[in-house]
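> The structure's right below; bear with me while I get my questions together.
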Amino acid sequence: MRMFVSDFDGTITEKDVANLILDKYAYPQWLEIEKEYKARKIGTREAINREFALVKASREELTSFVDEVASLDPHFKRFLGFLGDNGEKLEIVSEGLDFYIRFLLKKWGLDLPLRTNRTSFKGRMMNIAYPYRDPRCSLCGTCKMGRVLELRGKGYEVVYFGNGYSDICPALEADKVFAKGQLAVLCEEEDREFMPFNDFGDVVREVRTWR
Ligand SMILES: [Mg+2]
């Protein structure tokens, strides 16, 4: 039994959608918070809370912006079809926000299990809740590693895809890792073996050799 688990922003999408929102609506203050995050002085939960508190926009405004700027990896659907032919599945674990992820999945006709942070809007302010946090850990919003461990506990071989800082914990616990961007750098630092990829076309080529 094999399960594919993937990050969303910058992994399934070509660009990080949360960062596009912050660049447009919270620039340049959010970059100061991001520096603290990248230096690992603060966790994702604190970074998300403080960064998105800078965004003053309604759900409608943000959704129409996301609709304009977000794009799907051109080979992702082909990869899902390839998995489906073998009766295998993929689920998403994300440190993004549910309102734009659900909007995009629907727009792109993708029906995939999703664990992410929950947004509620009050006019032009948003409040973020973390239903998938690990209460014993103050760092992440959605504990991606927790899901990987849970699946492994059920006997799955877990293949993980990611591109960012919040992907290193799950990558260390997964059976196989596809990494790009910052995650590839972190895997090298941690001596974690991984397969580099640019898009899901590369993934299809690799996974095909496992059959
Ligand atoms: Mg990402």
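In the structure tokens, chains take letters A, B, ... by order of appearance, with residues numbered from 1 within each chain and ligands from 1 in the order shown.
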As a list in words, please: every protein or nucleic acid residue near ligand 1 (cut-off 6 Å, counting only C-alpha atoms and all ligand atoms).
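The residues near ligand 1 are Asp7, Phe8, Asp9, Gly10, Thr11, Gly162, Asn163 and Gly164 of chain A.
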> Give the strand (DSSP E) residues of range 45-167 of chain A, as DSSP finds them on the backbone, and put them as an MDAnalysis selection string.
chainID A and resid 89:97 114:122 125:129 157:162
> Keeping N, CA, C and O atoms for every residue in the selection just given, could you write it to a file as a tab-separated table (two decimals), in the first residue's frame?

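Writing done, so here's again-v1.tsv:
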```tsv
chain	number	residue	atom	x	y	z
A	89	LYS	N	-3.60	6.78	-4.36
A	89	LYS	CA	-4.24	8.06	-4.04
A	89	LYS	C	-3.24	9.10	-3.56
A	89	LYS	O	-2.16	8.77	-3.08
A	90	LEU	N	-3.69	10.35	-3.64
A	90	LEU	CA	-2.88	11.47	-3.15
A	90	LEU	C	-3.73	12.34	-2.25
A	90	LEU	O	-4.91	12.55	-2.50
A	91	GLU	N	-3.13	12.83	-1.18
A	91	GLU	CA	-3.82	13.81	-0.36
A	91	GLU	C	-2.92	15.02	-0.11
A	91	GLU	O	-1.70	14.93	-0.24
A	92	ILE	N	-3.57	16.12	0.25
A	92	ILE	CA	-2.84	17.38	0.42
A	92	ILE	C	-2.73	17.75	1.89
A	92	ILE	O	-3.72	17.68	2.64
A	93	VAL	N	-1.53	18.15	2.30
A	93	VAL	CA	-1.33	18.74	3.63
A	93	VAL	C	-0.71	20.11	3.37
A	93	VAL	O	0.25	20.23	2.63
A	94	SER	N	-1.31	21.15	3.95
A	94	SER	CA	-0.87	22.50	3.58
A	94	SER	C	-0.83	23.45	4.76
A	94	SER	O	-1.67	23.39	5.66
A	95	GLU	N	0.14	24.37	4.69
A	95	GLU	CA	0.21	25.47	5.65
A	95	GLU	C	-0.39	26.74	5.05
A	95	GLU	O	-0.17	27.83	5.53
A	96	GLY	N	-1.14	26.57	3.96
A	96	GLY	CA	-1.84	27.72	3.37
A	96	GLY	C	-3.18	27.92	4.06
A	96	GLY	O	-3.35	27.57	5.23
A	97	LEU	N	-4.13	28.48	3.33
A	97	LEU	CA	-5.44	28.78	3.89
A	97	LEU	C	-6.54	28.11	3.07
A	97	LEU	O	-6.50	28.11	1.84
A	114	LEU	N	-7.95	17.08	1.99
A	114	LEU	CA	-7.16	18.27	2.30
A	114	LEU	C	-7.11	18.52	3.80
A	114	LEU	O	-8.13	18.51	4.48
A	115	ARG	N	-5.90	18.74	4.30
A	115	ARG	CA	-5.72	19.20	5.67
A	115	ARG	C	-5.01	20.53	5.61
A	115	ARG	O	-3.89	20.61	5.11
A	116	THR	N	-5.66	21.57	6.10
A	116	THR	CA	-5.02	22.88	6.07
A	116	THR	C	-5.62	23.78	7.14
A	116	THR	O	-6.46	23.35	7.93
A	117	ASN	N	-5.16	25.02	7.16
A	117	ASN	CA	-5.63	25.98	8.15
A	117	ASN	C	-6.96	26.59	7.71
A	117	ASN	O	-7.22	26.72	6.52
A	118	ARG	N	-7.79	26.92	8.69
A	118	ARG	CA	-9.15	27.35	8.39
A	118	ARG	C	-9.31	28.87	8.56
A	118	ARG	O	-8.97	29.41	9.61
A	119	THR	N	-9.84	29.50	7.53
A	119	THR	CA	-10.00	30.96	7.56
A	119	THR	C	-11.45	31.34	7.76
A	119	THR	O	-12.35	30.75	7.15
A	120	SER	N	-11.70	32.34	8.60
A	120	SER	CA	-13.04	32.94	8.62
A	120	SER	C	-12.87	34.45	8.45
A	120	SER	O	-11.93	35.04	9.00
A	121	PHE	N	-13.73	35.02	7.64
A	121	PHE	CA	-13.62	36.45	7.33
A	121	PHE	C	-14.65	37.25	8.12
A	121	PHE	O	-15.77	36.81	8.33
A	122	LYS	N	-14.21	38.44	8.53
A	122	LYS	CA	-15.13	39.42	9.10
A	122	LYS	C	-14.85	40.68	8.32
A	122	LYS	O	-13.88	41.38	8.61
A	125	MET	N	-11.11	41.59	7.36
A	125	MET	CA	-10.16	40.98	8.30
A	125	MET	C	-10.38	39.47	8.26
A	125	MET	O	-11.50	39.02	8.08
A	126	MET	N	-9.30	38.72	8.51
A	126	MET	CA	-9.53	37.28	8.61
A	126	MET	C	-9.00	36.74	9.92
A	126	MET	O	-8.10	37.30	10.54
A	127	ASN	N	-9.64	35.66	10.32
A	127	ASN	CA	-9.21	34.97	11.52
A	127	ASN	C	-8.83	33.55	11.09
A	127	ASN	O	-9.52	32.94	10.28
A	128	ILE	N	-7.72	33.06	11.62
A	128	ILE	CA	-7.25	31.75	11.16
A	128	ILE	C	-7.25	30.77	12.32
A	128	ILE	O	-6.76	31.07	13.41
A	129	ALA	N	-7.82	29.60	12.08
A	129	ALA	CA	-7.85	28.53	13.08
A	129	ALA	C	-7.02	27.36	12.57
A	129	ALA	O	-6.81	27.21	11.36
A	157	GLU	N	3.23	2.93	2.72
A	157	GLU	CA	4.51	3.48	2.34
A	157	GLU	C	4.19	4.90	1.86
A	157	GLU	O	3.36	5.10	0.98
A	158	VAL	N	4.80	5.92	2.48
A	158	VAL	CA	4.42	7.30	2.18
A	158	VAL	C	5.45	7.99	1.29
A	158	VAL	O	6.64	8.01	1.59
A	159	VAL	N	4.93	8.54	0.18
A	159	VAL	CA	5.77	9.32	-0.73
A	159	VAL	C	5.37	10.78	-0.55
A	159	VAL	O	4.19	11.12	-0.68
A	160	TYR	N	6.32	11.63	-0.21
A	160	TYR	CA	6.03	13.03	0.11
A	160	TYR	C	6.57	14.00	-0.94
A	160	TYR	O	7.69	13.83	-1.43
A	161	PHE	N	5.78	15.04	-1.25
A	161	PHE	CA	6.19	16.09	-2.19
A	161	PHE	C	6.17	17.44	-1.49
A	161	PHE	O	5.16	17.79	-0.86
A	162	GLY	N	7.23	18.23	-1.64
A	162	GLY	CA	7.20	19.55	-1.03
A	162	GLY	C	8.26	20.48	-1.58
A	162	GLY	O	9.15	20.07	-2.35
```
> Counting only C-alpha atoms, what is within 7 Å of range 20-34 of chain A, bar same-chain residues fewer than 4 positions away, as a PyMOL selection string?
chain A and resi 16+38+47+51+54-55
> Take the residues from that selection and write them out as a PDB file, in the first residue's frame, keeping all heavy atoms.

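Output below, filename again33.pdb:
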```pdb
ATOM      1  N   ASP A  16       3.757  30.048  -5.052  1.00  0.00           N
ATOM      2  CA  ASP A  16       3.163  29.981  -3.725  1.00  0.00           C
ATOM      3  C   ASP A  16       2.044  31.019  -3.642  1.00  0.00           C
ATOM      4  O   ASP A  16       2.303  32.226  -3.680  1.00  0.00           O
ATOM      5  CB  ASP A  16       4.253  30.263  -2.682  1.00  0.00           C
ATOM      6  CG  ASP A  16       3.759  30.046  -1.273  1.00  0.00           C
ATOM      7  OD1 ASP A  16       2.733  30.663  -0.900  1.00  0.00           O
ATOM      8  OD2 ASP A  16       4.379  29.259  -0.540  1.00  0.00           O
ATOM      9  N   LYS A  38      12.113  32.311   8.587  1.00  0.00           N
ATOM     10  CA  LYS A  38      13.157  31.556   7.896  1.00  0.00           C
ATOM     11  C   LYS A  38      14.382  31.333   8.778  1.00  0.00           C
ATOM     12  O   LYS A  38      15.105  30.358   8.614  1.00  0.00           O
ATOM     13  CB  LYS A  38      13.531  32.253   6.585  1.00  0.00           C
ATOM     14  CG  LYS A  38      12.432  32.074   5.557  1.00  0.00           C
ATOM     15  CD  LYS A  38      12.750  32.658   4.210  1.00  0.00           C
ATOM     16  CE  LYS A  38      11.623  32.295   3.232  1.00  0.00           C
ATOM     17  NZ  LYS A  38      11.666  33.109   2.021  1.00  0.00           N
ATOM     18  N   ALA A  47       3.913  33.001  12.375  1.00  0.00           N
ATOM     19  CA  ALA A  47       4.188  33.744  11.132  1.00  0.00           C
ATOM     20  C   ALA A  47       2.885  33.984  10.357  1.00  0.00           C
ATOM     21  O   ALA A  47       2.608  35.108   9.937  1.00  0.00           O
ATOM     22  CB  ALA A  47       5.187  32.970  10.266  1.00  0.00           C
ATOM     23  N   GLU A  51       1.442  37.629   9.642  1.00  0.00           N
ATOM     24  CA  GLU A  51       1.496  38.065   8.238  1.00  0.00           C
ATOM     25  C   GLU A  51       0.099  38.368   7.697  1.00  0.00           C
ATOM     26  O   GLU A  51      -0.123  39.411   7.075  1.00  0.00           O
ATOM     27  CB  GLU A  51       2.175  36.996   7.375  1.00  0.00           C
ATOM     28  CG  GLU A  51       3.672  36.919   7.642  1.00  0.00           C
ATOM     29  CD  GLU A  51       4.358  35.741   6.966  1.00  0.00           C
ATOM     30  OE1 GLU A  51       3.676  34.915   6.325  1.00  0.00           O
ATOM     31  OE2 GLU A  51       5.582  35.650   7.076  1.00  0.00           O
ATOM     32  N   LEU A  54      -1.851  41.538   8.448  1.00  0.00           N
ATOM     33  CA  LEU A  54      -1.521  42.733   7.656  1.00  0.00           C
ATOM     34  C   LEU A  54      -2.419  42.872   6.427  1.00  0.00           C
ATOM     35  O   LEU A  54      -2.475  43.919   5.799  1.00  0.00           O
ATOM     36  CB  LEU A  54      -0.063  42.653   7.172  1.00  0.00           C
ATOM     37  CG  LEU A  54       1.036  42.629   8.236  1.00  0.00           C
ATOM     38  CD1 LEU A  54       2.364  42.208   7.609  1.00  0.00           C
ATOM     39  CD2 LEU A  54       1.171  43.998   8.885  1.00  0.00           C
ATOM     40  N   VAL A  55      -3.092  41.781   6.063  1.00  0.00           N
ATOM     41  CA  VAL A  55      -3.925  41.787   4.855  1.00  0.00           C
ATOM     42  C   VAL A  55      -5.305  42.349   5.177  1.00  0.00           C
ATOM     43  O   VAL A  55      -6.022  41.784   5.996  1.00  0.00           O
ATOM     44  CB  VAL A  55      -4.063  40.358   4.281  1.00  0.00           C
ATOM     45  CG1 VAL A  55      -5.029  40.332   3.103  1.00  0.00           C
ATOM     46  CG2 VAL A  55      -2.698  39.813   3.886  1.00  0.00           C
TER      47      VAL A  55
END
```
> Write out as a PyMOL selection string the residues lying within 12 Å of Ser64 in chain A, counting only C-alpha atoms and excluding same-chain residues fewer than 5 positions away.
chain A and resi 21+57-59+69-70+99-100+103-104+107
> Mind checking which residues fall within 10 Å of Val148 in chain A, counting only C-alpha atoms, ignoring those fewer than 2 positions away in the same chain, and posting them as JSON, numbers by chain?
{"A": [3, 4, 5, 93, 143, 144, 145, 146, 150, 151, 152, 153, 154, 156, 157, 158, 159, 160, 169, 170, 171, 172, 173, 174, 175]}
> I need the residues from that last selection saved to file as a JSON list (two decimals), in the first residue's frame (with N, CA, C and O atoms), if you can.

```json
[["chain", "number", "residue", "atom", "x", "y", "z"],
["A", 3, "MET", "N", 0.85, 5.61, -0.28],
["A", 3, "MET", "CA", 0.06, 6.84, -0.25],
["A", 3, "MET", "C", 0.95, 8.01, -0.63],
["A", 3, "MET", "O", 2.08, 8.12, -0.15],
["A", 4, "PHE", "N", 0.43, 8.86, -1.50],
["A", 4, "PHE", "CA", 1.15, 10.05, -1.92],
["A", 4, "PHE", "C", 0.60, 11.24, -1.15],
["A", 4, "PHE", "O", -0.61, 11.45, -1.12],
["A", 5, "VAL", "N", 1.49, 11.99, -0.51],
["A", 5, "VAL", "CA", 1.10, 13.13, 0.31],
["A", 5, "VAL", "C", 1.85, 14.35, -0.22],
["A", 5, "VAL", "O", 3.07, 14.30, -0.38],
["A", 93, "VAL", "N", -1.53, 18.15, 2.30],
["A", 93, "VAL", "CA", -1.33, 18.74, 3.63],
["A", 93, "VAL", "C", -0.71, 20.11, 3.37],
["A", 93, "VAL", "O", 0.25, 20.23, 2.63],
["A", 143, "CYS", "N", -0.03, 20.15, 11.20],
["A", 143, "CYS", "CA", 1.11, 19.25, 11.43],
["A", 143, "CYS", "C", 1.18, 18.23, 10.28],
["A", 143, "CYS", "O", 0.47, 17.24, 10.28],
["A", 144, "LYS", "N", 2.04, 18.52, 9.33],
["A", 144, "LYS", "CA", 2.19, 17.64, 8.17],
["A", 144, "LYS", "C", 2.85, 16.32, 8.57],
["A", 144, "LYS", "O", 2.52, 15.26, 8.06],
["A", 145, "MET", "N", 3.78, 16.42, 9.50],
["A", 145, "MET", "CA", 4.48, 15.22, 9.94],
["A", 145, "MET", "C", 3.51, 14.25, 10.62],
["A", 145, "MET", "O", 3.61, 13.04, 10.44],
["A", 146, "GLY", "N", 2.57, 14.81, 11.38],
["A", 146, "GLY", "CA", 1.59, 13.97, 12.09],
["A", 146, "GLY", "C", 0.83, 13.09, 11.11],
["A", 146, "GLY", "O", 0.59, 11.91, 11.39],
["A", 150, "GLU", "N", 0.88, 9.05, 10.91],
["A", 150, "GLU", "CA", -0.40, 8.34, 11.02],
["A", 150, "GLU", "C", -0.55, 7.32, 9.88],
["A", 150, "GLU", "O", -0.93, 6.17, 10.11],
["A", 151, "LEU", "N", -0.22, 7.76, 8.66],
["A", 151, "LEU", "CA", -0.34, 6.85, 7.50],
["A", 151, "LEU", "C", 0.66, 5.71, 7.61],
["A", 151, "LEU", "O", 0.34, 4.56, 7.31],
["A", 152, "ARG", "N", 1.85, 6.00, 8.05],
["A", 152, "ARG", "CA", 2.85, 4.94, 8.19],
["A", 152, "ARG", "C", 2.40, 3.94, 9.25],
["A", 152, "ARG", "O", 2.59, 2.73, 9.09],
["A", 153, "GLY", "N", 1.79, 4.46, 10.30],
["A", 153, "GLY", "CA", 1.26, 3.60, 11.36],
["A", 153, "GLY", "C", 0.19, 2.66, 10.84],
["A", 153, "GLY", "O", 0.00, 1.56, 11.37],
["A", 154, "LYS", "N", -0.52, 3.10, 9.81],
["A", 154, "LYS", "CA", -1.56, 2.25, 9.20],
["A", 154, "LYS", "C", -0.96, 1.31, 8.16],
["A", 154, "LYS", "O", -1.70, 0.60, 7.46],
["A", 156, "TYR", "N", 1.03, 2.22, 5.46],
["A", 156, "TYR", "CA", 1.30, 2.78, 4.14],
["A", 156, "TYR", "C", 2.78, 3.09, 3.96],
["A", 156, "TYR", "O", 3.46, 3.50, 4.91],
["A", 157, "GLU", "N", 3.23, 2.93, 2.72],
["A", 157, "GLU", "CA", 4.51, 3.48, 2.34],
["A", 157, "GLU", "C", 4.19, 4.90, 1.86],
["A", 157, "GLU", "O", 3.36, 5.10, 0.98],
["A", 158, "VAL", "N", 4.80, 5.92, 2.48],
["A", 158, "VAL", "CA", 4.42, 7.30, 2.18],
["A", 158, "VAL", "C", 5.45, 7.99, 1.29],
["A", 158, "VAL", "O", 6.64, 8.01, 1.59],
["A", 159, "VAL", "N", 4.93, 8.54, 0.18],
["A", 159, "VAL", "CA", 5.77, 9.32, -0.73],
["A", 159, "VAL", "C", 5.37, 10.78, -0.55],
["A", 159, "VAL", "O", 4.19, 11.12, -0.68],
["A", 160, "TYR", "N", 6.32, 11.63, -0.21],
["A", 160, "TYR", "CA", 6.03, 13.03, 0.11],
["A", 160, "TYR", "C", 6.57, 14.00, -0.94],
["A", 160, "TYR", "O", 7.69, 13.83, -1.43],
["A", 169, "CYS", "N", 9.87, 18.53, 8.26],
["A", 169, "CYS", "CA", 9.46, 17.51, 9.26],
["A", 169, "CYS", "C", 8.83, 16.29, 8.58],
["A", 169, "CYS", "O", 9.25, 15.16, 8.82],
["A", 170, "PRO", "N", 7.79, 16.47, 7.74],
["A", 170, "PRO", "CA", 7.22, 15.29, 7.08],
["A", 170, "PRO", "C", 8.22, 14.57, 6.17],
["A", 170, "PRO", "O", 8.19, 13.35, 6.05],
["A", 171, "ALA", "N", 9.11, 15.35, 5.52],
["A", 171, "ALA", "CA", 10.08, 14.71, 4.62],
["A", 171, "ALA", "C", 11.01, 13.78, 5.40],
["A", 171, "ALA", "O", 11.39, 12.72, 4.90],
["A", 172, "LEU", "N", 11.34, 14.17, 6.62],
["A", 172, "LEU", "CA", 12.24, 13.32, 7.41],
["A", 172, "LEU", "C", 11.57, 12.01, 7.81],
["A", 172, "LEU", "O", 12.24, 11.01, 8.06],
["A", 173, "GLU", "N", 10.23, 12.02, 7.88],
["A", 173, "GLU", "CA", 9.50, 10.82, 8.32],
["A", 173, "GLU", "C", 8.93, 9.98, 7.18],
["A", 173, "GLU", "O", 8.46, 8.88, 7.41],
["A", 174, "ALA", "N", 8.92, 10.53, 5.96],
["A", 174, "ALA", "CA", 8.33, 9.81, 4.83],
["A", 174, "ALA", "C", 9.27, 8.72, 4.33],
["A", 174, "ALA", "O", 10.47, 8.73, 4.61],
["A", 175, "ASP", "N", 8.73, 7.77, 3.56],
["A", 175, "ASP", "CA", 9.57, 6.71, 2.99],
["A", 175, "ASP", "C", 10.36, 7.22, 1.80],
["A", 175, "ASP", "O", 11.51, 6.84, 1.61]]
```
> Mind giving me the straight-line distance from CA of Phe178 in chain A to CA of Met195 in chain A in Å, one decimal?
4.7 Å
> If you count only C-alpha atoms, which residues fall within 12 Å of His75 in chain A, apart from same-chain ones fewer than 4 positions away, as a ChimeraX atom specification?
/A:11-14,71,79-82,197-205
> Looking at A:Val185, A:Ala39, A:Leu105, A:Ile48, which one is nearest to Cys140 in chain A, with distances taken over only C-alpha atoms?
A:Ile48
> Choose the residue, out of A:Ile42, A:Ala184, A:Leu72, A:Ala18, that has the smallest atom-to-atom separation from Leu110 in chain A; count only C-alpha atoms.
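Going through A:Ile42, A:Ala184, A:Leu72, A:Ala18 one by one, the smallest distance to Leu110 in chain A is for A:Leu72.
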> Which residue is closest to Glu189 in chain A? Choose from A:Asp111, A:Val177, A:Ser138, A:Ile168 and count only C-alpha atoms.
A:Ile168
> Please measure the separation of CA of Leu83 in chain A and CA of Asp167 in chain A, giving the value in Å to one decimal.
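These two atoms are separated by 21.9 Å.
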> Quick check, in Å to one decimal: how far apart do CA of Lys180 in chain A and CA of Lys15 in chain A lie?
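Computing it gives 12.3 Å between the two atoms.
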> Quick one: of A:Gly181, A:Gly123, A:Gly87, A:Val207, who's nearest to Glu60 in chain A, counting only C-alpha atoms?
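Of A:Gly181, A:Gly123, A:Gly87, A:Val207, the one nearest Glu60 in chain A is A:Gly123, counting only C-alpha atoms.
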> I need the residues of range 39-110 of chain A that end up classed as helix (DSSP H, G or I) by DSSP on the backbone, written out as a PyMOL selection string.
chain A and resi 44-53+59-69+76-85+98-107
